[in-house]
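What follows is a short report on a single structure.
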Amino acid sequence: MLSGCEASKSTIFKQLRSLFHKDVFTKESRISYKDLVWSNILIGMQTLLQAQKDLLPLEPISSKNSTYAQLILDADKLRVDRVFPILAECIKTLWKEEAVLKKVILMKEKFQFHDCILSFLDREDVFEQHYVPTKEDVLSARLKTTGILWMDFAYQHKHFQVFDVGGQRNERKKCLIHFVFCLTIPSHHVSHRDSYF
Ligand SMILES: Nc1nc2c(ncn2[C@@H]2O[C@H](COP(=O)(O)OP(=O)(O)OP(=O)(O)O)[C@@H](O)[C@H]2O)c(=O)[nH]1
Ligand SMILES: [Mg+2]
């Protein structure tokens, strides 16, 4: 599967895997997505708070909640398993009480924001320490693909191989190398003037 980033390649890949491989949505496997869901929520709230400062500076977060907002902005997203349980109540409070964040959402085409975060923010269970992601949570959680993933499956006596690659510009180089290699096998002895790389 080839496309630009966020075109849902990995979402389709996960759906295909769930159809042909039974290991995708076991409880153990779903638990491994908890930090990703938490990371989506934390980064999403940091993005909204920064966008509020940049786009609607005249409508600041209320002074009652401004300390919460600063704690979230300063949080280390690389240690989400530790910081998220501490910040869960702050995130919930801001989302419930700060109407300006809903206004920021209406301007989301001006910054990078994943729709799946909205459905996570409206939930209670995702904020709990022992939250277990559902099948839908696993499918909608967003993780930029790096490298190349592949799977095999058989359907109607035919064998298929599906490759999932990253769509970001720097990721495309990794898979293009493979495609050019495959395409040039029949004519490997022919020298070309055109150079792709
Ligand atoms: N609303 C909505 N969102 C979707 C749908 N399908 C996928 N998404 C969301 O769109 C995003 C797609 O992300 P990915 O599947 O990771 O996209 P990708 O093409 O693999 O991106 P890269 O790995 O960066 O190349 C995810 O956040 C999904 O939750 C859909 O049918 N409806
Ligand atoms: Mg992907």
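In the structure tokens, the first chain shown is A, the next is B, and so on; residue numbers restart at 1 for each chain, and ligands run from 1 in the order shown.
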* Could you tell me, counting only C-alpha atoms and all ligand atoms, which protein and nucleic acid residues lie no more than 12 Å from ligand 2, written as number ranges by chain? => A: 1-14, 139-150, 163-168, 171-172
* Closest to ligand 1 among A:Gln156, A:Thr26, A:Asn170, A:Thr47, using only C-alpha atoms and all ligand atoms? -> A:Asn170
* Structure fact -> Restricting to only C-alpha atoms and all ligand atoms, whichever of A:Tyr68, A:Tyr33, A:Phe113, A:Phe25 is closest to ligand 1 is A:Phe113
Would you kindly return, as a PDB file with C-alpha atoms, in the first residue's frame, each protein, DNA or RNA residue with an atom no farther than 10 Å from any atom of A:Ser29, considering only C-alpha atoms and excluding same-chain residues fewer than 4 positions away?
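Contents of selection20.pdb, as written:
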```pdb
ATOM      1  CA  ASP A  23      -3.540 -12.419  17.415  1.00  0.00           C
ATOM      2  CA  VAL A  24      -4.426  -8.756  16.734  1.00  0.00           C
ATOM      3  CA  PHE A  25      -7.266  -8.112  19.146  1.00  0.00           C
ATOM      4  CA  TYR A  33      -1.906  -0.081  22.653  1.00  0.00           C
ATOM      5  CA  LYS A  34      -2.755   1.705  25.922  1.00  0.00           C
ATOM      6  CA  VAL A 132      -7.918  -1.779  28.205  1.00  0.00           C
ATOM      7  CA  PRO A 133      -8.271  -0.470  24.618  1.00  0.00           C
ATOM      8  CA  LYS A 135     -10.819  -3.247  19.080  1.00  0.00           C
ATOM      9  CA  VAL A 138      -6.708  -0.144  18.390  1.00  0.00           C
TER      10      VAL A 138
END
```
* Structure fact -> Correct to one decimal, the distance atom 4 (C, counted along the ligand's line) of ligand 1-atom CA of A:Met45 is 18.9 Å
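Each of A:Glu136, A:Glu98, A:Asp81, A:Asp74 was checked against ligand 1 using only C-alpha atoms and all ligand atoms; the smallest atom-to-atom distance is that of A:Glu136.
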* To do: Just give me the gap between atom CA of A:Ile72 and atom CA of A:Ile91 in Å, one decimal is fine.
  => 7.6 Å
* To do: Looking only at strand (DSSP E or B) from DSSP on the backbone, list the matching residues of stretch 98-185 of chain A as a PyMOL selection string.
  => chain A and resi 148-155+158-165
Kindly save the residues from that selection, with C-alpha atoms included, as a compact mmCIF listing (two decimals), in the first residue's frame.
```
# COMPACT_ATOMS: atom_id res chain seq x y z
CA ILE A 148 8.18 -1.66 6.35
CA LEU A 149 5.62 -4.07 7.81
CA TRP A 150 4.22 -7.02 5.92
CA MET A 151 1.81 -9.90 6.31
CA ASP A 152 0.87 -13.02 4.36
CA PHE A 153 -2.58 -14.43 3.97
CA ALA A 154 -4.44 -16.87 1.75
CA TYR A 155 -7.81 -16.13 0.21
CA LYS A 158 -4.48 -17.47 -3.65
CA HIS A 159 -1.53 -16.26 -1.63
CA PHE A 160 -1.29 -12.53 -0.89
CA GLN A 161 1.45 -10.42 0.66
CA VAL A 162 0.56 -6.94 1.87
CA PHE A 163 3.17 -4.31 2.72
CA ASP A 164 2.53 -1.29 4.92
CA VAL A 165 5.02 1.53 4.57
```
